[in-house]
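Visitor: My file is entry-v2.cif. It has mmCIF, C-alpha atoms:
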```cif
data_my_file
#
loop_
_atom_site.label_atom_id
_atom_site.label_comp_id
_atom_site.auth_asym_id
_atom_site.auth_seq_id
_atom_site.Cartn_x
_atom_site.Cartn_y
_atom_site.Cartn_z
CA ASN A 1 8.41 22.80 -15.75
CA ILE A 2 9.28 21.65 -12.24
CA HIS A 3 7.84 18.19 -13.01
CA SER A 4 10.73 17.53 -15.37
CA TYR A 5 14.37 18.47 -15.88
CA CYS A 6 15.27 22.07 -15.02
CA GLY A 7 18.82 22.29 -16.23
CA GLY A 8 20.94 20.94 -13.39
CA THR A 9 24.14 19.21 -14.54
CA PHE A 10 27.38 17.76 -13.19
CA LYS A 11 29.23 20.63 -14.83
CA GLY A 12 26.88 23.10 -13.20
CA ILE A 13 27.72 21.75 -9.75
CA LYS A 14 31.42 21.83 -10.56
CA ASP A 15 31.21 25.43 -11.73
CA GLN A 16 29.40 26.48 -8.53
CA LEU A 17 31.45 24.56 -5.97
CA SER A 18 32.62 27.82 -4.42
CA TYR A 19 29.00 28.60 -3.57
CA ILE A 20 28.87 25.38 -1.54
CA THR A 21 32.32 25.59 0.04
CA GLY A 22 31.66 29.25 0.79
CA MET A 23 29.21 28.10 3.47
CA GLY A 24 31.83 25.72 4.82
CA PHE A 25 30.34 22.45 3.59
CA ASP A 26 32.83 19.70 2.83
CA ALA A 27 30.58 17.05 1.29
CA ILE A 28 27.71 16.91 -1.19
CA TRP A 29 24.99 14.33 -1.79
CA ILE A 30 24.00 14.13 -5.45
CA SER A 31 20.99 12.56 -7.18
CA PRO A 32 21.13 9.02 -8.60
CA VAL A 33 23.16 9.26 -11.79
CA VAL A 34 21.94 6.33 -13.92
CA THR A 35 19.79 6.64 -17.04
CA ASN A 36 16.11 6.99 -16.07
CA THR A 37 12.78 6.35 -17.74
CA GLN A 38 10.94 9.37 -19.15
CA ASP A 39 10.61 12.34 -16.77
CA GLY A 40 12.74 10.69 -14.09
CA TYR A 41 14.40 14.04 -13.44
CA HIS A 42 14.99 13.05 -9.80
CA GLY A 43 17.00 9.96 -10.68
CA TYR A 44 14.89 7.35 -8.83
CA TRP A 45 13.36 5.73 -11.95
CA ALA A 46 16.23 3.60 -13.27
CA GLN A 47 16.02 2.38 -16.85
CA ASP A 48 19.69 1.41 -17.42
CA ILE A 49 21.99 1.09 -14.40
CA TYR A 50 25.08 0.89 -16.62
CA THR A 51 24.82 4.28 -18.32
CA ILE A 52 24.85 7.84 -17.04
CA ASN A 53 21.77 10.07 -17.25
CA SER A 54 22.56 12.26 -20.25
CA ASN A 55 20.38 15.07 -18.87
CA PHE A 56 23.00 15.47 -16.12
CA GLY A 57 26.02 15.10 -18.40
CA THR A 58 28.52 12.51 -19.56
CA LYS A 59 30.62 9.93 -17.76
CA GLN A 60 33.59 12.29 -18.10
CA ASP A 61 31.56 15.18 -16.69
CA LEU A 62 30.85 13.09 -13.58
CA ILE A 63 34.50 12.09 -13.25
CA ASP A 64 35.45 15.77 -13.57
CA LEU A 65 32.93 16.75 -10.90
CA VAL A 66 34.22 14.24 -8.35
CA THR A 67 37.81 15.18 -9.14
CA ALA A 68 37.07 18.89 -8.70
CA CYS A 69 35.31 18.19 -5.42
CA HIS A 70 38.23 16.18 -4.08
CA ASP A 71 40.64 18.88 -5.18
CA GLN A 72 38.66 21.32 -3.00
CA GLY A 73 38.35 19.00 -0.02
CA VAL A 74 34.75 18.04 -0.72
CA TRP A 75 33.51 14.45 -0.44
CA VAL A 76 30.82 13.18 -2.80
CA MET A 77 27.96 10.94 -1.69
CA LEU A 78 25.99 9.14 -4.40
CA ASP A 79 22.28 8.44 -4.07
CA ALA A 80 21.71 4.75 -4.88
CA VAL A 81 18.53 2.77 -5.50
CA GLY A 82 18.38 -1.00 -5.02
CA ASN A 83 14.66 -1.53 -4.46
CA HIS A 84 12.90 -0.69 -7.72
CA VAL A 85 13.16 0.57 -11.29
CA GLY A 86 11.24 3.13 -13.35
CA PRO A 87 7.45 2.99 -13.87
CA VAL A 88 7.14 0.62 -16.84
CA GLY A 89 4.10 -1.32 -15.64
CA TYR A 90 4.66 -5.02 -16.37
CA ASP A 91 6.67 -4.70 -19.59
CA PHE A 92 10.25 -4.91 -18.36
CA SER A 93 11.89 -5.24 -21.77
CA SER A 94 13.37 -1.72 -21.69
CA ILE A 95 15.01 -2.11 -18.27
CA VAL A 96 18.75 -2.87 -18.29
CA PRO A 97 19.69 -5.42 -17.10
CA PHE A 98 16.49 -6.48 -15.29
CA ASN A 99 14.44 -7.08 -18.41
CA GLN A 100 12.41 -10.14 -17.37
CA ALA A 101 9.51 -10.67 -14.96
CA GLN A 102 11.51 -13.28 -13.02
CA TYR A 103 13.67 -10.48 -11.59
CA TYR A 104 10.72 -8.86 -9.81
CA HIS A 105 8.33 -9.68 -7.01
CA ASP A 106 4.91 -10.73 -8.25
CA CYS A 107 1.73 -9.29 -6.75
CA ASN A 108 0.29 -12.48 -5.24
CA ASN A 109 0.61 -11.32 -1.64
CA CYS A 110 -0.06 -7.64 -2.30
CA PRO A 111 -3.16 -5.42 -2.38
CA SER A 112 -5.15 -5.48 -5.63
CA ASP A 113 -3.17 -2.60 -7.11
CA CYS A 114 0.12 -4.29 -6.08
CA ASN A 115 1.13 -1.20 -4.11
CA ILE A 116 2.28 -1.17 -0.50
CA ASN A 117 -0.41 -0.18 1.99
CA PHE A 118 1.74 1.33 4.71
CA ASN A 119 -1.26 1.58 7.03
CA ALA A 120 -1.48 -2.22 7.14
CA GLY A 121 1.66 -2.46 9.27
CA ASN A 122 2.79 -5.51 7.29
CA GLN A 123 6.57 -5.59 6.86
CA GLU A 124 6.47 -8.42 4.32
CA GLN A 125 4.15 -6.30 2.18
CA VAL A 126 6.56 -3.36 2.49
CA GLU A 127 9.36 -5.56 1.19
CA ILE A 128 7.64 -7.37 -1.72
CA CYS A 129 4.98 -4.98 -3.03
CA ARG A 130 5.36 -1.90 -5.19
CA LEU A 131 6.11 1.59 -3.92
CA ALA A 132 3.80 3.94 -5.84
CA GLY A 133 3.60 1.58 -8.81
CA LEU A 134 7.35 1.10 -9.26
CA PRO A 135 8.36 -2.46 -10.23
CA ASP A 136 9.85 -4.11 -7.14
CA LEU A 137 13.11 -5.97 -7.64
CA ASN A 138 13.36 -9.41 -6.04
CA GLN A 139 16.71 -9.44 -4.28
CA THR A 140 16.35 -13.12 -3.39
CA VAL A 141 16.97 -13.92 -7.06
CA PRO A 142 20.76 -14.48 -7.26
CA PHE A 143 21.12 -12.57 -10.54
CA VAL A 144 19.42 -9.50 -9.05
CA SER A 145 21.42 -9.38 -5.83
CA SER A 146 24.79 -10.19 -7.40
CA THR A 147 24.20 -7.65 -10.17
CA LEU A 148 23.38 -4.92 -7.66
CA PHE A 149 26.40 -5.78 -5.50
CA ASN A 150 28.73 -5.66 -8.51
CA TRP A 151 27.09 -2.48 -9.80
CA ILE A 152 27.54 -0.51 -6.58
CA LYS A 153 31.12 -1.70 -6.20
CA ASP A 154 31.96 -0.77 -9.79
CA ILE A 155 30.28 2.65 -9.81
CA ILE A 156 32.05 3.66 -6.60
CA THR A 157 35.39 2.46 -7.94
CA THR A 158 34.90 4.08 -11.35
CA TYR A 159 33.94 7.52 -10.04
CA ASN A 160 35.69 7.46 -6.66
CA PHE A 161 32.60 8.25 -4.60
CA ASP A 162 33.13 8.64 -0.86
CA GLY A 163 29.76 7.41 0.41
CA ILE A 164 26.25 6.47 -0.61
CA ARG A 165 22.77 7.43 0.50
CA ILE A 166 20.53 4.41 -0.01
CA ASP A 167 16.95 4.97 -1.08
CA THR A 168 13.92 3.05 0.30
CA VAL A 169 15.80 0.84 2.75
CA PRO A 170 12.81 -0.81 4.57
CA GLU A 171 11.42 -1.91 1.21
CA VAL A 172 14.16 -4.57 0.99
CA GLU A 173 14.98 -7.21 3.58
CA LYS A 174 17.79 -6.26 5.93
CA ASP A 175 20.41 -8.88 5.08
CA PHE A 176 20.59 -7.64 1.50
CA TRP A 177 21.71 -4.23 2.75
CA SER A 178 24.53 -5.77 4.80
CA GLN A 179 25.99 -7.27 1.66
CA PHE A 180 25.27 -4.12 -0.37
CA THR A 181 27.10 -2.01 2.23
CA SER A 182 29.99 -4.45 2.22
CA ALA A 183 30.20 -4.36 -1.57
CA ALA A 184 30.13 -0.56 -1.55
CA GLY A 185 33.06 -0.33 0.84
CA VAL A 186 32.18 3.25 1.83
CA TYR A 187 29.94 4.98 4.37
CA THR A 188 26.28 4.14 3.81
CA VAL A 189 23.33 6.11 5.17
CA GLY A 190 19.90 4.63 4.54
CA GLU A 191 16.52 6.24 4.09
CA VAL A 192 14.09 4.74 6.61
CA PHE A 193 11.15 7.10 6.17
CA ASP A 194 9.50 6.47 9.54
CA GLY A 195 9.03 8.25 12.85
CA ARG A 196 9.43 5.22 15.12
CA VAL A 197 12.86 5.23 16.75
CA ASN A 198 13.04 1.49 17.38
CA TYR A 199 12.00 0.71 13.79
CA VAL A 200 14.52 3.10 12.23
CA ALA A 201 17.31 2.10 14.61
CA GLY A 202 16.76 -1.54 13.68
CA TYR A 203 18.43 -0.87 10.34
CA GLN A 204 21.69 0.50 11.75
CA GLY A 205 24.24 -2.25 11.45
CA PHE A 206 22.77 -3.47 8.17
CA VAL A 207 23.66 -0.02 6.83
CA ASP A 208 26.21 2.15 8.64
CA ALA A 209 23.64 4.78 9.56
CA THR A 210 20.16 6.00 8.76
CA LEU A 211 18.70 9.39 8.03
CA SER A 212 17.41 10.83 11.29
CA TYR A 213 13.70 10.85 10.48
CA PRO A 214 12.33 10.57 14.04
CA LEU A 215 14.28 13.69 15.03
CA TYR A 216 13.14 15.43 11.82
CA PHE A 217 9.50 14.88 12.70
CA THR A 218 10.16 16.07 16.26
CA LEU A 219 11.82 19.28 15.09
CA ASN A 220 8.94 19.91 12.67
CA SER A 221 6.58 19.70 15.63
CA VAL A 222 8.73 21.81 17.94
CA PHE A 223 9.63 24.61 15.54
CA GLY A 224 6.92 24.25 12.89
CA SER A 225 3.95 23.98 15.25
CA LYS A 226 5.53 25.42 18.42
CA ASP A 227 4.82 22.22 20.34
CA SER A 228 6.70 21.49 23.57
CA MET A 229 10.48 21.44 23.29
CA ASN A 230 10.53 18.67 25.88
CA GLN A 231 9.90 16.41 22.88
CA ILE A 232 13.57 16.88 21.96
CA GLN A 233 14.63 15.52 25.35
CA SER A 234 12.36 12.52 24.88
CA ILE A 235 13.45 11.67 21.34
CA LEU A 236 17.17 11.99 22.12
CA GLN A 237 16.78 9.69 25.11
CA GLN A 238 15.19 7.14 22.80
CA TYR A 239 18.07 7.59 20.36
CA GLN A 240 20.63 6.74 23.05
CA GLN A 241 18.66 3.63 23.99
CA ASN A 242 18.08 2.33 20.46
CA PHE A 243 20.80 3.39 18.00
CA LYS A 244 24.22 1.76 17.95
CA ASP A 245 25.97 5.03 17.05
CA VAL A 246 24.09 8.34 17.09
CA SER A 247 27.13 10.32 15.97
CA ILE A 248 27.01 9.08 12.36
CA LEU A 249 23.27 9.42 11.72
CA GLY A 250 22.30 11.82 8.92
CA THR A 251 20.48 14.67 10.65
CA PHE A 252 18.40 17.10 8.63
CA PHE A 253 15.78 19.84 8.86
CA GLU A 254 14.63 19.71 5.23
CA ASN A 255 15.01 17.34 2.29
CA HIS A 256 13.73 16.59 -1.20
CA ASP A 257 10.96 14.24 -0.04
CA ASN A 258 9.21 16.60 2.36
CA ALA A 259 7.68 20.05 2.05
CA ARG A 260 10.13 22.80 2.95
CA PHE A 261 9.82 24.26 6.44
CA ALA A 262 8.91 27.72 5.11
CA SER A 263 5.96 26.24 3.19
CA PHE A 264 4.08 25.68 6.46
CA GLN A 265 5.89 28.01 8.89
CA SER A 266 6.94 31.43 7.62
CA ASP A 267 8.62 32.69 10.80
CA LYS A 268 12.28 33.08 9.92
CA GLU A 269 13.47 32.84 13.53
CA LEU A 270 11.86 29.41 13.87
CA PHE A 271 13.64 28.32 10.69
CA LYS A 272 16.94 29.63 12.01
CA SER A 273 16.39 27.90 15.34
CA GLY A 274 15.89 24.57 13.59
CA VAL A 275 18.98 25.13 11.46
CA THR A 276 21.00 26.04 14.55
CA PHE A 277 19.93 22.83 16.24
CA ILE A 278 20.75 20.57 13.28
CA LEU A 279 24.12 22.16 12.54
CA MET A 280 25.24 21.97 16.18
CA ALA A 281 23.67 18.71 17.34
CA GLN A 282 25.14 15.21 17.30
CA GLY A 283 25.09 13.45 13.94
CA ILE A 284 26.23 14.38 10.44
CA PRO A 285 24.23 17.48 9.47
CA ILE A 286 22.75 17.44 5.98
CA PHE A 287 21.59 20.83 4.71
CA TYR A 288 19.17 20.80 1.79
CA TYR A 289 20.12 23.25 -0.97
CA GLY A 290 17.87 26.30 -1.23
CA GLY A 291 17.30 26.67 2.49
CA GLU A 292 20.07 29.25 2.44
CA GLN A 293 17.96 31.21 -0.08
CA GLY A 294 14.71 30.93 1.85
CA PHE A 295 13.06 28.49 -0.55
CA ASN A 296 9.51 27.64 0.52
CA GLY A 297 8.28 24.95 -1.89
CA GLY A 298 5.61 22.53 -0.67
CA ASN A 299 5.39 18.79 -1.34
CA ASP A 300 7.51 17.41 -4.17
CA PRO A 301 8.12 18.40 -6.84
CA ASN A 302 7.55 21.94 -5.53
CA ASN A 303 10.34 21.54 -2.97
CA ARG A 304 12.84 20.76 -5.73
CA GLU A 305 13.25 24.26 -7.07
CA PRO A 306 16.07 25.23 -9.44
CA LEU A 307 18.82 27.06 -7.58
CA TRP A 308 20.18 28.95 -10.58
CA THR A 309 17.23 31.37 -10.47
CA THR A 310 18.87 32.94 -7.38
CA ASN A 311 22.05 33.75 -9.30
CA PHE A 312 23.80 31.88 -6.46
CA ASN A 313 23.52 34.90 -4.20
CA THR A 314 26.01 34.69 -1.31
CA ASN A 315 24.92 37.91 0.41
CA GLY A 316 21.63 36.80 1.90
CA GLU A 317 20.77 36.53 5.59
CA TYR A 318 20.42 32.76 5.63
CA TYR A 319 23.57 32.10 3.60
CA ASP A 320 25.62 34.10 6.08
CA PHE A 321 23.84 32.51 9.04
CA VAL A 322 24.64 28.99 7.83
CA LYS A 323 28.20 29.96 6.99
CA THR A 324 28.75 31.34 10.49
CA ILE A 325 27.58 28.16 12.22
CA VAL A 326 29.33 25.69 9.89
CA SER A 327 32.60 27.61 10.20
CA PHE A 328 32.34 27.47 13.99
CA ARG A 329 31.42 23.79 13.98
CA LYS A 330 34.48 22.93 11.92
CA SER A 331 36.97 25.21 13.65
CA HIS A 332 35.98 23.83 17.07
CA ASN A 333 35.82 20.18 15.93
CA ILE A 334 32.29 20.00 17.33
CA GLN A 335 31.60 16.55 15.88
CA ALA A 336 34.16 15.04 18.27
CA LEU A 337 32.58 16.51 21.42
CA ASP A 338 29.93 15.02 23.68
CA GLN A 339 26.44 16.48 23.56
CA VAL A 340 24.83 17.12 26.95
CA GLN A 341 21.37 18.56 27.54
CA ARG A 342 21.55 21.53 29.91
CA TYR A 343 17.96 22.81 30.05
CA SER A 344 14.58 21.79 28.67
CA ASP A 345 11.06 23.13 29.02
CA ASP A 346 8.14 23.83 26.69
CA ASN A 347 9.75 26.87 25.07
CA PHE A 348 13.49 26.59 25.67
CA TYR A 349 16.05 23.92 24.91
CA ALA A 350 19.80 24.14 25.49
CA PHE A 351 22.74 21.77 25.17
CA THR A 352 26.52 21.87 25.16
CA ARG A 353 29.10 20.28 22.90
CA GLY A 354 31.98 19.53 25.25
CA SER A 355 32.96 22.80 26.83
CA ALA A 356 33.33 24.46 23.43
CA ALA A 357 29.76 25.59 22.87
CA PHE A 358 26.50 26.26 24.71
CA VAL A 359 23.57 26.18 22.26
CA ALA A 360 20.28 27.83 23.22
CA THR A 361 17.12 27.58 21.12
CA THR A 362 13.48 28.53 21.53
CA ASN A 363 10.22 27.85 19.71
CA VAL A 364 8.40 31.09 20.56
CA GLY A 365 9.16 32.72 17.21
CA SER A 366 9.82 36.31 16.23
CA ASN A 367 6.86 37.68 18.23
CA GLY A 368 7.85 35.81 21.38
CA GLY A 369 9.31 38.69 23.34
CA LEU A 370 12.12 38.17 25.84
CA LEU A 371 12.89 34.78 27.40
CA LYS A 372 15.22 34.44 30.37
CA ARG A 373 16.58 31.18 31.74
CA THR A 374 19.11 30.69 34.52
CA ILE A 375 21.51 27.90 33.67
CA THR A 376 22.94 26.04 36.68
CA TYR A 377 23.81 22.69 35.09
CA GLN A 378 26.76 23.74 32.96
CA PRO A 379 30.44 22.86 32.41
CA PHE A 380 32.12 26.26 32.65
CA GLN A 381 34.29 27.64 35.47
CA ASN A 382 33.38 30.67 37.56
CA GLY A 383 34.78 33.79 35.94
CA GLN A 384 34.64 32.25 32.45
CA LYS A 385 33.53 34.75 29.83
CA LEU A 386 31.15 33.42 27.17
CA CYS A 387 30.27 35.27 23.97
CA ASN A 388 27.48 34.78 21.44
CA LEU A 389 28.75 33.58 18.06
CA PHE A 390 26.32 35.85 16.22
CA TYR A 391 27.20 39.02 18.20
CA PRO A 392 30.63 38.26 19.66
CA THR A 393 31.51 41.83 20.63
CA THR A 394 28.21 42.96 22.11
CA ASP A 395 26.62 39.87 23.67
CA CYS A 396 28.89 38.32 26.29
CA LEU A 397 28.32 37.06 29.83
CA THR A 398 30.36 35.80 32.77
CA VAL A 399 29.77 32.64 34.78
CA GLU A 400 29.21 33.50 38.45
CA ASN A 401 28.44 31.21 41.39
CA GLY A 402 28.22 28.28 39.02
CA SER A 403 25.48 29.75 36.84
CA PHE A 404 24.63 32.29 34.17
CA ASP A 405 21.52 33.85 32.67
CA VAL A 406 20.57 33.41 29.02
CA TYR A 407 18.26 35.92 27.32
CA LEU A 408 16.64 35.14 23.98
CA LEU A 409 14.86 38.03 22.27
CA ASN A 410 12.05 37.48 19.74
CA GLY A 411 12.83 33.87 18.96
CA GLU A 412 16.56 34.17 18.36
CA SER A 413 18.95 31.27 18.91
CA LYS A 414 22.40 31.69 20.45
CA ILE A 415 25.65 29.79 20.47
CA TYR A 416 27.89 30.84 23.37
CA TYR A 417 31.55 29.93 23.38
CA PRO A 418 34.43 30.60 25.82
CA ALA A 419 36.01 33.90 24.84
#
```
For this file, write the structure as structure tokens.

Guide:
Amino acid sequence: NIHSYCGGTFKGIKDQLSYITGMGFDAIWISPVVTNTQDGYHGYWAQDIYTINSNFGTKQDLIDLVTACHDQGVWVMLDAVGNHVGPVGYDFSSIVPFNQAQYYHDCNNCPSDCNINFNAGNQEQVEICRLAGLPDLNQTVPFVSSTLFNWIKDIITTYNFDGIRIDTVPEVEKDFWSQFTSAAGVYTVGEVFDGRVNYVAGYQGFVDATLSYPLYFTLNSVFGSKDSMNQIQSILQQYQQNFKDVSILGTFFENHDNARFASFQSDKELFKSGVTFILMAQGIPIFYYGGEQGFNGGNDPNNREPLWTTNFNTNGEYYDFVKTIVSFRKSHNIQALDQVQRYSDDNFYAFTRGSAAFVATTNVGSNGGLLKRTITYQPFQNGQKLCNLFYPTTDCLTVENGSFDVYLLNGESKIYYPA
């Protein structure tokens, strides 16, 4: 039953760490770990913030998981919720420690059902009304805010977490998150589920970074619907103008809150192009489990499939593809290198990271035939040999007269590097 728990545990992650590190990943983001109300398999329906969700394991199991991760050079990011609790209606007696109505926003300035109407464009409503019926904590009450600050500090200290992903950031006023981030004392990346760059960027500084939703929506359009790749140029220009630090944003192509790419676009080359972009572009790439197995679930909960049904297969096309790119990214210290756009049109987009990599992507898909582009704005010297990461012995070129030609066949993406 995908609407409830499907067997995932802290011990299960620990036992399969080699599956994760085998692709080269050196951090994991795990679900919220506190005890939830009934059927809160996802972790976002807190019932008791002081105890560990027994469906996932024990306190010691979680300690053992983090220890095992650190022993293997893997950081652990905890998902944390400070906006709401589980769906208990208006009887808060079972919620620990927020068991009284005074700890919550009332519904006086909300729609009749007390839920946020996002179409109203009313930020106050977003902050004080309920998200999908979930009781909305009132962080202006000193007990609520101080309890949450102490809780996040204590849980990070107790389990030695390395960072936190913060749920539903716009649903709480900004200053609260500054203090929450300070109390946490680790990297914080906030969920601002919105496509407007200026709106999302307005939260950086109150949290260290945000998830890169505007870019996510752009990549969905470019690769999912084959819309113009010039959109990438436009969105990245807006990023430079609005965000304080693009390099620490959480970039992603799929996640647990949105239908998987393959649920609406089955072309595997378009999926691989999107993955290539995310893993090589500026930001901290976050890869949603199951993409490496070709999962194609639609809207949640269908996009939250159990991974154990795959027997943790490490021989698949996507697993190897991801492993190849992540290994290259790490060995060439790509995150430290500038990103420069080198070519953009409706069907082709290319950029470099320093002079270590030239990344070429297209949105034409596997039936797109042969694309050729001549690259003249590039950082390499005449006579420099460049080879394609995916076919390093058979697909190489030489820079001549300050330029080189790139050929992409049937929607493939390429990463050229100095040989």

Visitor: State, in Å with one decimal place, the distance from atom CA of A:Ala183 to atom CA of A:Lys153.

Guide: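 The value is 5.4 Å.
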
Visitor: Could you give me, as a PyMOL selection string, the residues within 7 Å of stretch 41-46 of chain A, counting only C-alpha atoms and dropping anything in the same chain fewer than 3 positions from it?

Guide: chain A and resi 4-5+31-37+49+81+85-87

Visitor: Find the residue from A:Ser403, A:Asn363, A:Thr21, A:Thr309 that sits nearest to A:Gly224; use only C-alpha atoms when measuring.

Guide: A:Asn363

Visitor: Counting all atoms listed in the file, what is within 7 Å of A:Val192, bar same-chain residues fewer than 3 positions away, as a short mmCIF file (atom, residue, chain, number, x, y, z; two decimals) with C-alpha atoms, in the frame of the given file?

Guide:
```
data_model
loop_
_atom_site.label_atom_id
_atom_site.label_comp_id
_atom_site.auth_asym_id
_atom_site.auth_seq_id
_atom_site.Cartn_x
_atom_site.Cartn_y
_atom_site.Cartn_z
CA THR A 168 13.92 3.05 0.30
CA VAL A 169 15.80 0.84 2.75
CA PRO A 170 12.81 -0.81 4.57
CA VAL A 200 14.52 3.10 12.23
CA THR A 210 20.16 6.00 8.76
CA LEU A 211 18.70 9.39 8.03
#
```

Visitor: Restricting the calculation to all atoms listed in the file, which member of A:Glu292, A:Asp405, A:Asp64, A:Asp106 is positioned closest to A:Lys272?

Guide: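 Among A:Glu292, A:Asp405, A:Asp64, A:Asp106, it is A:Glu292 that comes nearest to A:Lys272.
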
Visitor: Starting from the point (19.9, 31.1, 4.1), work out which residues of protein, DNA or RNA have an atom no more than 7 Å away when counting all atoms listed in the file; state them as a PyMOL selection string.

Guide: chain A and resi 291-294+316-322

Visitor: Would you output that residue set with C-alpha atoms, as a PDB file, keeping the file's coordinate frame?

Guide:
```
ATOM      1  CA  GLY A 291      17.300  26.670   2.490  1.00  0.00           C
ATOM      2  CA  GLU A 292      20.070  29.250   2.440  1.00  0.00           C
ATOM      3  CA  GLN A 293      17.960  31.210  -0.080  1.00  0.00           C
ATOM      4  CA  GLY A 294      14.710  30.930   1.850  1.00  0.00           C
ATOM      5  CA  GLY A 316      21.630  36.800   1.900  1.00  0.00           C
ATOM      6  CA  GLU A 317      20.770  36.530   5.590  1.00  0.00           C
ATOM      7  CA  TYR A 318      20.420  32.760   5.630  1.00  0.00           C
ATOM      8  CA  TYR A 319      23.570  32.100   3.600  1.00  0.00           C
ATOM      9  CA  ASP A 320      25.620  34.100   6.080  1.00  0.00           C
ATOM     10  CA  PHE A 321      23.840  32.510   9.040  1.00  0.00           C
ATOM     11  CA  VAL A 322      24.640  28.990   7.830  1.00  0.00           C
TER      12      VAL A 322
END
```

Visitor: Which is closer to A:Asn1 than all the others in A:Thr362, A:Phe193, A:Gln204, A:Asp39, using all atoms listed in the file?

Guide: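 Under the stated criterion, the closest residue is A:Asp39.
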
Visitor: Could you tell me which residues the PyMOL selection byres ((chain A and resi 367-376) around 8) grabs in this file, written as JSON, numbers by chain?

Guide: {"A": [342, 343, 364, 365, 366, 377, 378, 402, 403, 404, 405, 406, 407, 408, 409, 410, 411]}

Visitor: Counting only C-alpha atoms, select every polymer residue within 6 Å of (25.6, 14.7, -14.4) as defined in the file's coordinates, and provide the selection as a list of chain:residue names.

Guide: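 Output of the proximity query reads A:Thr9, A:Phe10, A:Phe56, A:Gly57, A:Leu62.
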
Visitor: Exactly which residues make up the result of the PyMOL selection byres ((chain A and resi 357) around 8) on this file, given as a PyMOL selection string?

Guide: chain A and resi 352-356+358-359+415-418

Visitor: Between A:Asp48, A:Asp61, A:Asp194, A:Glu305, which has the minimum distance to A:Phe118 (counting all atoms listed in the file)?

Guide: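 Selected residue with least distance to A:Phe118: A:Asp194.
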
Visitor: For stretch 90-103 of chain A, please output as a ChimeraX atom specification all residues within 12 Å (counting all atoms listed in the file; exclusion window: fewer than 5 positions along the same chain).

Guide: /A:34-38,45-51,82-85,114,128,130,133-148,151

Visitor: Run the PyMOL selection byres ((chain A and resi 385) around 8) against the file shown and list the residues it catches, as a count of residues only.

Guide: 10

Visitor: Rounded to one decimal place, report the atom CA of A:Phe295-atom CA of A:Asn255 distance in Å.

Guide: 11.7 Å

Visitor: Rank nothing, just name the residue among A:Tyr288, A:Trp75, A:Phe223, A:Phe271 nearest to A:Asp257, using only C-alpha atoms.

Guide: A:Tyr288

Visitor: Hey, which of A:Ile325, A:Leu389, A:Val222, A:Met280 ends up closest to A:Phe261? Count only C-alpha atoms.

Guide: A:Val222

Visitor: For a test of reading the model, state the distance in Å between atom CA of A:Ile20 and atom CA of A:Phe180, rounded to one decimal.

Guide: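 It comes out at 29.7 Å.
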
Visitor: Excluding A:Tyr216 and residues on its chain fewer than 5 positions from it, collect all residues at most 9 Å away from it, counting all atoms listed in the file, and give them as an mmCIF file with C-alpha atoms, in the frame of the given file.

Guide:
```cif
data_model
loop_
_atom_site.group_PDB
_atom_site.id
_atom_site.type_symbol
_atom_site.label_atom_id
_atom_site.label_comp_id
_atom_site.auth_asym_id
_atom_site.auth_seq_id
_atom_site.Cartn_x
_atom_site.Cartn_y
_atom_site.Cartn_z
ATOM 1 C CA GLY A 195 9.030 8.250 12.850
ATOM 2 C CA SER A 221 6.580 19.700 15.630
ATOM 3 C CA THR A 251 20.480 14.670 10.650
ATOM 4 C CA PHE A 252 18.400 17.100 8.630
ATOM 5 C CA PHE A 253 15.780 19.840 8.860
ATOM 6 C CA GLU A 254 14.630 19.710 5.230
#
```

Visitor: How big is the axis-aligned box around all listed atoms of stretch 119-137 of chain A once 6 Å goes on each side, and where's its centre, in Å to one decimal, as lines of an AutoDock Vina configuration file?

Guide:
```
center_x = 5.8
center_y = -2.2
center_z = -0.5
size_x = 26.6
size_y = 24.4
size_z = 31.5
```
